[in-house]
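Okay, target38.txt now, which holds compact mmCIF, C-alpha atoms and all ligand atoms:
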# COMPACT_ATOMS: atom_id res chain seq x y z
CA MET A 1 1.78 -7.55 42.25
CA SER A 2 -1.52 -7.54 40.38
CA VAL A 3 -2.62 -10.65 38.51
CA ASP A 4 -2.56 -10.51 34.71
CA LEU A 5 -6.03 -11.85 33.93
CA ASN A 6 -5.15 -12.50 30.26
CA VAL A 7 -2.34 -14.79 31.35
CA ALA A 8 -4.50 -16.47 33.97
CA LEU A 9 -7.29 -17.21 31.47
CA SER A 10 -4.80 -18.39 28.85
CA GLU A 11 -3.30 -20.84 31.32
CA ARG A 12 -6.73 -22.25 32.12
CA ALA A 13 -7.47 -22.43 28.38
CA ARG A 14 -4.32 -24.46 27.77
CA GLN A 15 -5.68 -27.17 30.05
CA VAL A 16 -9.08 -27.56 28.44
CA LEU A 17 -8.88 -26.24 24.86
CA PRO A 18 -6.61 -28.01 22.34
CA GLY A 19 -3.56 -25.81 21.92
CA GLY A 20 -5.21 -23.29 24.26
CA HIS A 21 -7.39 -21.90 21.45
CA LEU A 22 -10.41 -22.92 19.38
CA SER A 23 -8.09 -23.18 16.37
CA PRO A 24 -4.47 -22.31 15.57
CA SER A 25 -5.69 -19.48 13.32
CA ARG A 26 -6.93 -17.65 16.43
CA LYS A 27 -3.51 -17.48 18.10
CA LEU A 28 -2.16 -13.96 18.35
CA GLY A 29 1.25 -14.84 19.75
CA GLN A 30 0.19 -13.00 22.93
CA PRO A 31 -2.03 -14.23 25.78
CA TYR A 32 -4.95 -11.96 24.96
CA ALA A 33 -8.32 -12.90 26.47
CA PHE A 34 -11.20 -10.70 25.37
CA VAL A 35 -14.25 -10.04 27.48
CA ARG A 36 -16.06 -7.19 25.66
CA ALA A 37 -16.41 -5.75 22.17
CA GLU A 38 -17.88 -2.45 21.04
CA GLY A 39 -17.71 -0.67 17.69
CA ALA A 40 -14.15 -0.93 16.37
CA TYR A 41 -12.70 -1.91 19.75
CA LEU A 42 -12.11 -5.03 21.81
CA TYR A 43 -11.42 -5.05 25.56
CA ASP A 44 -9.36 -7.68 27.33
CA ALA A 45 -9.67 -9.23 30.77
CA ASN A 46 -7.39 -6.53 32.22
CA GLY A 47 -9.58 -3.76 30.80
CA GLN A 48 -7.12 -2.80 28.02
CA ARG A 49 -8.53 -1.54 24.70
CA TYR A 50 -7.58 -2.87 21.24
CA THR A 51 -8.39 -1.67 17.74
CA ASP A 52 -9.91 -4.52 15.78
CA TYR A 53 -8.95 -5.13 12.15
CA HIS A 54 -9.92 -8.80 12.35
CA CYS A 55 -13.64 -8.09 12.78
CA GLY A 56 -14.61 -11.66 13.67
CA PHE A 57 -13.02 -13.19 10.55
CA GLY A 58 -14.97 -10.59 8.58
CA ALA A 59 -18.37 -11.20 10.16
CA HIS A 60 -18.57 -7.65 11.48
CA VAL A 61 -19.14 -5.23 8.64
CA LEU A 62 -21.06 -2.86 10.92
CA GLY A 63 -18.80 -3.19 13.96
CA HIS A 64 -19.27 -4.91 17.30
CA GLY A 65 -22.29 -4.60 19.56
CA ILE A 66 -24.52 -2.70 17.18
CA ALA A 67 -27.69 -1.73 19.08
CA SER A 68 -30.13 -2.37 16.22
CA ILE A 69 -28.84 -5.95 15.77
CA ARG A 70 -28.76 -6.70 19.49
CA ASP A 71 -32.25 -5.29 20.04
CA ARG A 72 -33.78 -7.25 17.14
CA VAL A 73 -32.24 -10.50 18.34
CA PHE A 74 -33.38 -9.79 21.91
CA GLU A 75 -36.91 -8.95 20.78
CA VAL A 76 -37.19 -12.13 18.71
CA SER A 77 -35.77 -14.26 21.51
CA GLN A 78 -38.61 -13.00 23.74
CA ARG A 79 -41.23 -14.67 21.56
CA ILE A 80 -39.67 -17.65 19.78
CA ASP A 81 -36.71 -19.98 19.98
CA LEU A 82 -35.61 -23.00 17.96
CA ILE A 83 -38.67 -24.87 16.62
CA GLY A 84 -37.34 -27.30 14.01
CA ALA A 85 -40.78 -28.23 12.63
CA GLY A 86 -42.84 -26.47 9.99
CA ILE A 87 -41.67 -23.02 9.01
CA ILE A 88 -41.27 -19.81 10.97
CA ASP A 89 -42.21 -16.31 9.90
CA LEU A 90 -38.59 -15.11 10.06
CA GLU A 91 -37.23 -17.60 7.54
CA VAL A 92 -39.83 -16.59 4.98
CA GLU A 93 -39.09 -12.90 5.57
CA ALA A 94 -35.32 -13.39 5.41
CA ALA A 95 -35.48 -15.55 2.26
CA GLU A 96 -37.80 -13.03 0.55
CA ALA A 97 -35.39 -10.21 1.37
CA LEU A 98 -32.39 -12.17 0.05
CA VAL A 99 -34.20 -13.14 -3.16
CA ARG A 100 -34.90 -9.43 -3.72
CA LEU A 101 -31.27 -8.47 -3.16
CA ILE A 102 -29.06 -11.18 -4.68
CA PRO A 103 -29.09 -11.44 -8.50
CA CYS A 104 -28.74 -15.25 -8.71
CA ALA A 105 -31.20 -15.92 -5.87
CA GLU A 106 -34.56 -17.35 -6.79
CA GLN A 107 -34.52 -19.46 -3.65
CA VAL A 108 -32.38 -19.63 -0.52
CA ALA A 109 -31.46 -22.54 1.78
CA PHE A 110 -30.19 -21.69 5.28
CA CYS A 111 -27.47 -23.43 7.27
CA ASN A 112 -24.98 -22.32 9.93
CA SER A 113 -21.63 -21.49 8.38
CA GLY A 114 -19.81 -20.77 5.16
CA SER A 115 -18.33 -24.27 5.14
CA GLU A 116 -21.77 -25.83 5.42
CA ALA A 117 -22.97 -23.63 2.56
CA THR A 118 -20.15 -24.67 0.21
CA TYR A 119 -20.59 -28.31 1.21
CA HIS A 120 -24.29 -28.22 0.38
CA ALA A 121 -23.78 -26.27 -2.85
CA LEU A 122 -21.22 -28.81 -4.08
CA ARG A 123 -23.39 -31.79 -3.12
CA LEU A 124 -26.29 -30.18 -4.97
CA ALA A 125 -24.12 -29.58 -8.05
CA ARG A 126 -23.05 -33.23 -8.05
CA ALA A 127 -26.67 -34.31 -7.70
CA VAL A 128 -27.94 -32.25 -10.62
CA THR A 129 -25.07 -32.94 -13.02
CA GLY A 130 -24.32 -36.54 -12.07
CA ALA A 131 -20.61 -35.64 -12.36
CA GLN A 132 -18.10 -36.05 -9.53
CA ARG A 133 -15.28 -33.58 -10.02
CA ILE A 134 -15.14 -29.97 -8.95
CA ILE A 135 -12.75 -27.21 -9.97
CA LYS A 136 -11.26 -24.99 -7.29
CA PHE A 137 -8.51 -22.41 -7.67
CA GLN A 138 -5.10 -22.36 -6.03
CA GLY A 139 -5.13 -19.98 -3.05
CA GLY A 140 -8.90 -20.08 -2.62
CA TYR A 141 -10.50 -21.16 0.64
CA HIS A 142 -14.02 -22.52 0.80
CA GLY A 143 -14.18 -24.07 4.25
CA TRP A 144 -12.93 -26.97 6.31
CA HIS A 145 -14.61 -29.99 4.68
CA ASP A 146 -12.87 -32.69 2.67
CA TYR A 147 -14.10 -31.48 -0.75
CA VAL A 148 -12.23 -28.18 -0.48
CA ALA A 149 -9.71 -28.19 2.38
CA MET A 150 -6.66 -28.20 0.17
CA ASN A 151 -4.41 -25.79 -1.75
CA GLY A 152 -5.24 -22.66 0.19
CA GLN A 153 -1.81 -21.16 0.44
CA SER A 154 0.98 -23.59 -0.19
CA ALA A 155 4.68 -23.82 -0.40
CA ALA A 156 5.93 -22.97 -3.88
CA GLU A 157 7.00 -26.48 -4.75
CA LYS A 158 3.49 -27.79 -4.12
CA LEU A 159 1.68 -25.31 -6.29
CA ASP A 160 0.14 -27.72 -8.73
CA ASP A 161 -0.12 -30.73 -6.45
CA TYR A 162 -2.77 -31.83 -4.02
CA ASP A 163 -1.84 -30.06 -0.81
CA PRO A 164 -4.19 -30.95 2.06
CA MET A 165 -4.82 -28.41 4.83
CA SER A 166 -5.28 -31.11 7.41
CA ASP A 167 -4.37 -34.59 8.51
CA GLY A 168 -7.24 -37.01 8.32
CA ILE A 169 -8.81 -35.84 5.07
CA LEU A 170 -10.53 -38.61 3.13
CA PHE A 171 -8.40 -38.77 0.04
CA ASP A 172 -11.17 -40.48 -1.93
CA ALA A 173 -13.28 -37.33 -1.43
CA ALA A 174 -10.48 -34.85 -2.02
CA ARG A 175 -9.08 -36.45 -5.17
CA HIS A 176 -12.14 -35.34 -7.13
CA THR A 177 -11.15 -31.71 -6.59
CA VAL A 178 -9.10 -30.27 -9.43
CA ILE A 179 -6.81 -27.31 -8.65
CA LEU A 180 -6.29 -24.69 -11.35
CA PRO A 181 -4.65 -21.24 -11.33
CA TYR A 182 -6.92 -18.26 -10.60
CA ASN A 183 -7.69 -15.81 -13.42
CA ASP A 184 -6.68 -18.37 -16.05
CA ALA A 185 -9.72 -19.09 -18.21
CA ASP A 186 -7.60 -21.05 -20.71
CA ALA A 187 -6.68 -23.57 -18.03
CA VAL A 188 -10.36 -24.05 -17.20
CA GLU A 189 -11.35 -24.40 -20.86
CA HIS A 190 -8.57 -26.87 -21.48
CA TYR A 191 -9.58 -28.99 -18.50
CA LEU A 192 -13.28 -29.00 -19.37
CA LYS A 193 -12.60 -29.94 -22.99
CA ALA A 194 -10.24 -32.74 -21.98
CA ASN A 195 -12.68 -34.15 -19.41
CA PRO A 196 -16.18 -33.97 -20.90
CA GLY A 197 -19.02 -34.79 -18.51
CA GLN A 198 -16.65 -35.15 -15.55
CA VAL A 199 -17.02 -31.78 -13.82
CA ALA A 200 -20.00 -30.94 -11.60
CA ALA A 201 -19.03 -27.47 -10.43
CA ILE A 202 -16.57 -24.62 -10.53
CA ILE A 203 -16.30 -22.90 -7.16
CA VAL A 204 -14.64 -19.49 -7.13
CA GLU A 205 -14.21 -16.50 -4.85
CA PRO A 206 -15.10 -13.58 -7.15
CA ILE A 207 -12.46 -11.60 -5.27
CA ALA A 208 -9.91 -14.01 -3.84
CA HIS A 209 -9.73 -12.52 -0.35
CA ASN A 210 -8.13 -15.69 0.92
CA MET A 211 -5.06 -14.54 -1.00
CA GLY A 212 -5.48 -11.07 0.48
CA ALA A 213 -7.28 -9.29 -2.31
CA VAL A 214 -6.72 -10.74 -5.76
CA ALA A 215 -9.64 -9.65 -7.90
CA ALA A 216 -10.98 -11.87 -10.63
CA THR A 217 -11.04 -9.94 -13.86
CA ARG A 218 -14.49 -9.42 -15.33
CA GLU A 219 -13.28 -11.38 -18.39
CA PHE A 220 -12.32 -14.34 -16.21
CA LEU A 221 -15.72 -14.44 -14.49
CA GLN A 222 -17.50 -13.99 -17.82
CA ALA A 223 -15.44 -16.83 -19.28
CA LEU A 224 -16.33 -19.06 -16.32
CA ARG A 225 -19.98 -18.20 -16.90
CA LEU A 226 -19.81 -19.12 -20.58
CA LEU A 227 -17.73 -22.25 -20.10
CA SER A 228 -19.99 -23.51 -17.31
CA SER A 229 -23.08 -23.10 -19.44
CA GLU A 230 -21.43 -24.69 -22.48
CA HIS A 231 -20.19 -27.72 -20.54
CA GLY A 232 -23.19 -28.25 -18.25
CA VAL A 233 -21.18 -27.31 -15.15
CA ILE A 234 -22.70 -25.48 -12.14
CA LEU A 235 -20.96 -22.17 -11.50
CA ILE A 236 -20.75 -21.36 -7.78
CA PHE A 237 -19.59 -17.97 -6.54
CA ASP A 238 -18.32 -18.31 -3.00
CA GLU A 239 -19.43 -14.97 -1.57
CA VAL A 240 -18.81 -15.89 2.06
CA ILE A 241 -16.46 -12.89 2.37
CA THR A 242 -17.67 -10.62 -0.44
CA GLY A 243 -21.39 -11.04 0.30
CA PHE A 244 -22.84 -8.19 2.38
CA ARG A 245 -19.33 -6.81 2.89
CA HIS A 246 -19.05 -5.21 -0.55
CA ALA A 247 -22.74 -5.09 -1.46
CA LEU A 248 -26.00 -6.54 -0.15
CA GLY A 249 -26.38 -8.47 -3.38
CA GLY A 250 -22.84 -9.81 -3.21
CA TYR A 251 -20.00 -9.07 -5.62
CA GLN A 252 -22.12 -10.54 -8.42
CA ALA A 253 -24.32 -7.42 -8.12
CA LEU A 254 -21.26 -5.21 -8.70
CA ILE A 255 -19.51 -7.16 -11.45
CA GLY A 256 -22.62 -8.11 -13.39
CA VAL A 257 -21.91 -11.83 -13.79
CA THR A 258 -24.57 -14.14 -12.36
CA PRO A 259 -23.62 -17.61 -11.11
CA ASP A 260 -25.96 -20.61 -10.84
CA LEU A 261 -25.46 -20.86 -7.10
CA ALA A 262 -23.76 -18.65 -4.52
CA THR A 263 -22.71 -19.29 -0.96
CA PHE A 264 -22.89 -16.72 1.83
CA GLY A 265 -22.07 -16.49 5.54
CA LYS A 266 -19.93 -14.19 7.70
CA ALA A 267 -21.17 -10.59 7.31
CA ALA A 268 -24.76 -11.64 6.53
CA SER A 269 -25.63 -11.82 10.22
CA SER A 270 -23.24 -9.54 12.11
CA GLY A 271 -21.75 -12.29 14.26
CA TYR A 272 -24.45 -14.96 14.57
CA PRO A 273 -23.71 -18.37 13.03
CA VAL A 274 -25.06 -18.31 9.49
CA GLY A 275 -24.56 -19.73 6.04
CA PHE A 276 -26.86 -20.03 3.08
CA VAL A 277 -26.95 -21.21 -0.48
CA ALA A 278 -28.75 -18.91 -2.91
CA GLY A 279 -29.45 -19.69 -6.53
CA ARG A 280 -31.61 -20.95 -9.33
CA ARG A 281 -35.01 -22.28 -8.38
CA ASP A 282 -34.69 -25.40 -10.58
CA LEU A 283 -31.50 -26.34 -8.74
CA LEU A 284 -32.51 -25.50 -5.18
CA GLU A 285 -35.82 -27.26 -5.58
CA ARG A 286 -33.86 -30.50 -5.57
CA VAL A 287 -33.15 -29.78 -1.89
CA GLY A 288 -36.89 -29.55 -1.25
CA ARG A 289 -37.72 -32.86 -2.89
CA SER A 290 -37.51 -35.86 -0.64
CA GLY A 291 -36.74 -39.37 -1.78
CA GLU A 292 -34.73 -40.75 -4.63
CA ARG A 293 -34.05 -37.54 -6.52
CA GLY A 294 -33.79 -35.20 -3.57
CA VAL A 295 -30.69 -33.67 -1.99
CA PHE A 296 -30.39 -34.01 1.75
CA MET A 297 -29.69 -30.79 3.61
CA GLY A 298 -30.15 -31.48 7.29
CA GLY A 299 -29.21 -29.47 10.36
CA THR A 300 -30.91 -29.05 13.73
CA PHE A 301 -29.88 -25.41 13.92
CA ASN A 302 -30.61 -24.41 10.30
CA GLY A 303 -32.68 -21.23 10.29
CA THR A 304 -32.36 -20.46 14.00
CA PRO A 305 -34.64 -17.49 14.91
CA SER A 306 -31.91 -15.39 16.55
CA THR A 307 -29.71 -15.76 13.46
CA LEU A 308 -32.54 -14.87 11.10
CA ALA A 309 -33.37 -11.84 13.23
CA ALA A 310 -29.72 -10.81 12.93
CA VAL A 311 -29.83 -11.30 9.13
CA LEU A 312 -32.93 -9.09 8.84
CA ALA A 313 -31.46 -6.42 11.11
CA THR A 314 -28.17 -6.52 9.18
CA ILE A 315 -30.02 -6.02 5.90
CA ASP A 316 -31.85 -3.03 7.40
CA ALA A 317 -28.64 -1.50 8.73
CA LEU A 318 -26.74 -1.98 5.47
CA SER A 319 -29.66 -0.59 3.47
CA GLN A 320 -29.28 2.79 5.18
CA GLN A 321 -28.07 5.39 2.79
CA GLY A 322 -24.36 5.95 2.62
CA VAL A 323 -23.11 2.90 4.57
CA TYR A 324 -21.26 1.31 1.64
CA GLU A 325 -20.08 4.70 0.39
CA ARG A 326 -18.48 5.33 3.79
CA LEU A 327 -16.92 1.85 3.95
CA PHE A 328 -15.43 2.22 0.47
CA ALA A 329 -14.25 5.79 1.12
CA LEU A 330 -12.48 4.76 4.33
CA GLY A 331 -10.87 1.78 2.58
CA ASP A 332 -9.66 4.00 -0.27
CA TYR A 333 -8.35 6.59 2.20
CA LEU A 334 -6.45 3.90 4.11
CA ARG A 335 -4.92 2.50 0.93
CA SER A 336 -3.86 5.92 -0.33
CA GLN A 337 -2.23 6.71 3.03
CA LEU A 338 -0.43 3.36 2.99
CA ASP A 339 0.89 4.13 -0.47
CA GLY A 340 2.16 7.46 0.87
CA ILE A 341 4.03 5.65 3.65
CA ILE A 342 5.54 3.19 1.16
CA GLU A 343 6.72 6.06 -0.99
CA ARG A 344 8.18 8.01 1.93
CA LEU A 345 10.06 4.98 3.22
CA GLY A 346 11.04 3.68 -0.20
CA ILE A 347 10.13 0.08 0.59
CA GLU A 348 9.09 -2.54 -1.89
CA ALA A 349 5.41 -2.89 -1.08
CA GLN A 350 1.94 -1.91 -2.26
CA SER A 351 -1.43 -1.39 -0.65
CA ALA A 352 -4.12 -3.82 -1.72
CA GLY A 353 -7.77 -4.48 -1.11
CA PHE A 354 -11.27 -3.64 -2.17
CA GLY A 355 -13.74 -1.57 -0.17
CA SER A 356 -13.38 -2.41 3.50
CA VAL A 357 -10.93 -5.30 2.96
CA TRP A 358 -7.28 -4.26 2.96
CA LEU A 359 -3.70 -5.32 3.45
CA LEU A 360 -0.15 -4.56 2.42
CA TYR A 361 1.64 -6.77 -0.07
CA PHE A 362 5.40 -6.69 0.39
CA PHE A 363 6.37 -6.83 -3.26
CA SER A 364 5.85 -4.35 -6.04
CA GLY A 365 4.89 -6.34 -9.12
CA PRO A 366 1.44 -7.10 -10.55
CA TYR A 367 -0.54 -10.06 -9.26
CA ARG A 368 -3.38 -12.11 -10.65
CA GLN A 369 -2.92 -15.56 -9.12
CA TYR A 370 -1.34 -17.26 -6.14
CA ARG A 371 1.99 -17.86 -7.85
CA ASP A 372 2.53 -14.08 -8.11
CA LEU A 373 2.25 -13.73 -4.34
CA LEU A 374 5.32 -15.89 -3.80
CA ALA A 375 7.29 -12.65 -4.30
CA ASN A 376 5.94 -11.40 -0.95
CA ASP A 377 8.52 -10.60 1.75
CA ASP A 378 6.82 -12.83 4.33
CA GLU A 379 9.38 -12.02 6.99
CA LEU A 380 8.67 -8.29 6.89
CA ASP A 381 4.92 -8.93 6.58
CA LEU A 382 4.95 -11.10 9.71
CA ALA A 383 7.30 -8.83 11.65
CA LEU A 384 5.02 -5.85 11.07
CA ARG A 385 1.93 -7.78 12.09
CA ARG A 386 3.62 -9.04 15.28
CA ARG A 387 4.64 -5.52 16.30
CA LEU A 388 1.18 -4.15 15.66
CA ILE A 389 -0.42 -6.89 17.72
CA GLU A 390 1.94 -5.99 20.59
CA GLN A 391 0.71 -2.43 20.16
CA ARG A 392 -2.87 -3.64 20.61
CA GLN A 393 -3.91 -3.58 16.97
CA ILE A 394 -5.72 -6.83 16.19
CA PHE A 395 -4.29 -8.13 12.93
CA GLN A 396 -4.23 -11.71 11.70
CA PRO A 397 -0.68 -12.82 12.51
CA LEU A 398 -0.14 -14.58 9.17
CA GLN A 399 1.40 -13.22 6.00
CA LEU A 400 -0.93 -12.26 3.13
CA LYS A 401 -4.01 -12.37 5.37
CA ARG A 402 -6.68 -9.80 4.67
CA LEU A 403 -7.71 -7.22 7.26
CA TYR A 404 -11.06 -5.54 7.63
CA LEU A 405 -12.62 -2.20 8.41
CA SER A 406 -16.16 -1.87 9.71
CA ALA A 407 -18.68 0.94 9.60
CA SER A 408 -17.62 1.70 13.20
CA HIS A 409 -14.04 2.52 12.16
CA THR A 410 -13.32 6.21 11.62
CA ARG A 411 -10.55 8.22 9.99
CA GLU A 412 -9.19 9.06 13.44
CA ILE A 413 -8.96 5.39 14.38
CA VAL A 414 -7.32 4.54 11.08
CA ASP A 415 -4.89 7.49 11.34
CA ASP A 416 -3.62 6.20 14.68
CA THR A 417 -2.95 2.80 13.16
CA LEU A 418 -1.29 4.35 10.10
CA GLY A 419 1.09 6.20 12.44
CA LEU A 420 2.05 2.92 14.08
CA ILE A 421 2.48 1.21 10.70
CA GLU A 422 4.81 3.96 9.51
CA ASP A 423 6.92 3.95 12.70
CA ASN A 424 7.21 0.17 12.69
CA LEU A 425 8.10 -0.04 9.03
CA ARG A 426 10.72 2.68 9.44
CA SER A 427 12.51 0.61 12.05
CA LEU A 428 11.93 -2.78 10.42
CA ARG A 429 12.99 -2.00 6.85
CA ARG A 430 16.33 -3.31 5.78
N1 LIG B 501 -15.65 -19.52 1.89
C1 LIG B 501 -14.84 -18.46 2.02
C2 LIG B 501 -14.53 -17.63 0.82
C3 LIG B 501 -14.28 -18.14 3.26
O1 LIG B 501 -13.44 -17.11 3.38
C4 LIG B 501 -14.63 -18.92 4.39
C5 LIG B 501 -14.09 -18.61 5.78
N2 LIG B 501 -12.98 -17.82 5.85
C6 LIG B 501 -15.48 -20.01 4.20
C7 LIG B 501 -15.98 -20.28 2.95
C8 LIG B 501 -15.86 -20.88 5.35
O2 LIG B 501 -16.75 -20.22 6.19
P1 LIG B 501 -16.90 -20.65 7.71
O3 LIG B 501 -15.63 -20.32 8.40
O4 LIG B 501 -18.08 -19.84 8.20
O5 LIG B 501 -17.19 -22.11 7.74

Translate the structure of the given file into structure tokens.
Amino acid sequence: MSVDLNVALSERARQVLPGGHLSPSRKLGQPYAFVRAEGAYLYDANGQRYTDYHCGFGAHVLGHGIASIRDRVFEVSQRIDLIGAGIIDLEVEAAEALVRLIPCAEQVAFCNSGSEATYHALRLARAVTGAQRIIKFQGGYHGWHDYVAMNGQSAAEKLDDYDPMSDGILFDAARHTVILPYNDADAVEHYLKANPGQVAAIIVEPIAHNMGAVAATREFLQALRLLSSEHGVILIFDEVITGFRHALGGYQALIGVTPDLATFGKAASSGYPVGFVAGRRDLLERVGRSGERGVFMGGTFNGTPSTLAAVLATIDALSQQGVYERLFALGDYLRSQLDGIIERLGIEAQSAGFGSVWLLYFFSGPYRQYRDLLANDDELDLALRRRLIEQRQIFQPLQLKRLYLSASHTREIVDDTLGLIEDNLRSLRR
């Protein structure tokens, strides 16, 4: 009998990695061990092929193993590695490119992940305003640190309470985070009026992809812009998912509302560890000032050459004509086909998403905030995802989680998956 190399690697992993994975959110419910990735496909240790709708938590907007990214990183690594003193040519080039592309960006500060970016943006907002509290919205996710690791998706009864995502969070840090419902400008106005001078920042996903795909209305974002300015609060768009995925300038370039600061990561570097804070010069300059009135933004690996090479190559690739048009067209095609399946099967569901982010919601009503998603048939959602994973379609195995397409996905690839979705739903529906 031949050895199953996925099982063998998973057993070794269980000995040396906590829970056998880097984090519980990586568990697929199957012992899959991947050894190669190319385009829209992953390959496991047994040589089996999978279609990838996870795309590295969204980092891959182009697809895996893109030659132009790999070559640029390789070329740069031939001449320079981590320096950590002075500046390097690549960070100037990358920052100049980002300042050209992102509406709010007058300056850019590099770090290594989305969580680091939101951490630094919030610290900066506290420094410039002198206020302690921040406003975050129920269902939003902004990273793993103690300022924001709460009230992602919660049980219904906890909706308005502090709901930590982890044991061990410093409550004294977390209690300064105020949780309000998404798309509810009145709630924000009410809070700001009742607590003058207390709020440093509002942090918001301009499309709440951590709830799947709940779009902020333009009116909501415009109201946040006005209220922030009126009350001396720093408005932060968390574009860690939307940035580069929907437009090179972030969602702010599409919706026409400009925040004070914005955080980026994921798709900005096609799979290399990156984060950055972009924003107003007068704010970011506080990071550059040392001493009493400066804001400390350390990090040995900030601005690593290979990452910056990947950022520059990603910008070049996404600047090619037609890339976003193709991503949006494929997303729209997928959603329209999903709606056809729903209609044919007569199930209570709807396609959702924006551009290359997609999912099915298993309820039929409108939605504008987390509370509305409680109508989702989680059981059916999870059952479908489990079946698809068994059929070698890489989906996040959690209800309401967004899925991604990349520029390497094609109609043919998507059609195969749609066939599986229809067959599975036909047998799962009740
Ligand atoms: N902000 C948003 C909107 C995110 O979706 C994420 C990650 N899913 C983060 C911040 C944190 O980014 P990272 O995982 O790179 O720390």

For this session: Output the neighbourhood of ligand LIG 501 (chain B) as a ChimeraX atom specification, that is, all protein and nucleic acid residues with some atom at most 6 Å from the ligand, counting all atoms listed in the file.
Result: /A:113-115,141-143,205,238,240-241,265-266

For this session: Quote the spacing between CA of Ala40 (chain A) and CA of Leu398 (chain A) in Å to one decimal place.
Result: 20.8 Å

Can you check which parts of region 336-378 of chain A lie within 12 Å of region 307-326 of chain A? Per residue, the shortest pair of atoms and distance in Å to one decimal, counting only C-alpha atoms, sorted by chain and number, as JSON lines.
{"residue": "A:Phe354", "atom": "CA", "partner": "A:Tyr324", "partner_atom": "CA", "distance": 11.8}
{"residue": "A:Gly355", "atom": "CA", "partner": "A:Tyr324", "partner_atom": "CA", "distance": 8.3}
{"residue": "A:Ser356", "atom": "CA", "partner": "A:Tyr324", "partner_atom": "CA", "distance": 8.9}

Spatial neighbours of Ser351 (chain A), 8 Å, all atoms listed in the file, chain gap at least 6 places, as a short mmCIF file (atom, residue, chain, number, x, y, z; two decimals) with C-alpha atoms, in the coordinates of the input:
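File written: out_12.cif
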data_model
loop_
_atom_site.label_atom_id
_atom_site.label_comp_id
_atom_site.auth_asym_id
_atom_site.auth_seq_id
_atom_site.Cartn_x
_atom_site.Cartn_y
_atom_site.Cartn_z
CA ARG A 335 -4.92 2.50 0.93
CA SER A 336 -3.86 5.92 -0.33
CA LEU A 338 -0.43 3.36 2.99
CA ASP A 339 0.89 4.13 -0.47
CA TRP A 358 -7.28 -4.26 2.96
CA LEU A 359 -3.70 -5.32 3.45
CA LEU A 360 -0.15 -4.56 2.42
CA TYR A 361 1.64 -6.77 -0.07
#

Problem set entry | Straight-line distance linking CA of Leu261 (chain A) with CA of Ala121 (chain A), stated in Å to one decimal |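 Here the two named atoms are 7.1 Å from each other.
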
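Among the candidates A:Gly47, A:Gly65, A:Gly139, A:Gly58, the one nearest to Leu374 (chain A) when counting all atoms listed in the file is A:Gly139.
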
For this session: Do a neighbour search on Asp372 (chain A) at 12 Å with all atoms listed in the file, toss out local chain neighbours closer than 5 positions, and write the hits as a PyMOL selection string.
Result: chain A and resi 138-139+153+156+159+181-183+211+214+361-367+400

Problem set entry | Best match for closeness to Ser2 (chain A) among A:Phe244, A:Asn112, A:Leu418, A:Asn46, counting all atoms listed in the file | A:Asn46

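Between CA of Thr263 (chain A) and CA of Gly275 (chain A) there is a distance of 7.3 Å.
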
Exercise. Which polymer residues, protein or nucleic acid, are no farther than 6 Å from (-5.3, -13.2, 0.2), counting only C-alpha atoms, as an NGL selection string?
Worked result: :A and (209-213 or 400-402)

Exercise. Near region 102-104 of chain A, within 8 Å and counting only C-alpha atoms, which residues show up once chain neighbours fewer than 4 positions away are dropped, as a VMD selection string?
Worked result: chain A and resid 98 248 to 250 252 to 253 258 to 262 278 to 280

Exercise. Counting only C-alpha atoms, what is within 9 Å of Pro206 (chain A), bar same-chain residues fewer than 6 positions away, as a list in words?
Worked result: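 Contacts, in chain order: Val214, Ala215, Ala216, Thr217, Leu221, Phe237, Asp238, Glu239, Thr242, Tyr251, Gln252 and Ile255 of chain A.
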
Show me, as a CSV table (one decimal) with C-alpha atoms, in the coordinates of the input, the residues that have an atom within 12 Å of Asp81 (chain A) when counting all atoms listed in the file, minus same-chain residues fewer than 6 positions from it.
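After the write, result_25.csv holds the following:
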chain,number,residue,atom,x,y,z
A,73,VAL,CA,-32.2,-10.5,18.3
A,74,PHE,CA,-33.4,-9.8,21.9
A,75,GLU,CA,-36.9,-9.0,20.8
A,88,ILE,CA,-41.3,-19.8,11.0
A,90,LEU,CA,-38.6,-15.1,10.1
A,301,PHE,CA,-29.9,-25.4,13.9
A,303,GLY,CA,-32.7,-21.2,10.3
A,304,THR,CA,-32.4,-20.5,14.0
A,305,PRO,CA,-34.6,-17.5,14.9
A,306,SER,CA,-31.9,-15.4,16.6
A,307,THR,CA,-29.7,-15.8,13.5
A,308,LEU,CA,-32.5,-14.9,11.1
A,309,ALA,CA,-33.4,-11.8,13.2

Exercise. Which residue out of A:Ile394, A:Val287, A:Ala375, A:Val16 has the minimum interatomic distance to Gly56 (chain A) when only C-alpha atoms are used?
Worked result: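 Counting only C-alpha atoms, the residue closest to Gly56 (chain A) is A:Ile394.
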
For this session: Using only C-alpha atoms, pick whichever of A:Ala201, A:Val295, A:Arg245, A:Gly346 has the shortest atom-to-atom distance to Ser229 (chain A).
Result: A:Ala201

For this session: May I ask which of the residues A:Leu22, A:Leu235, A:Leu384, A:Leu334 is the closest one to Leu405 (chain A), counting all atoms listed in the file?
Result: A:Leu334

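Comparing the minimum interatomic distances between Glu285 (chain A) and each of A:Val7, A:Leu380, A:Val108, A:Leu62, counting only C-alpha atoms, we find that A:Val108 sits nearest.
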
Edge lengths and centre, in Å to one decimal, as AutoDock Vina command-line options: that's what I need for the box along x, y and z that holds all listed atoms of region 275-293 of chain A plus 6 Å on each side.
--center_x -31.1 --center_y -29.8 --center_z -2.3 --size_x 25.2 --size_y 33.8 --size_z 28.6
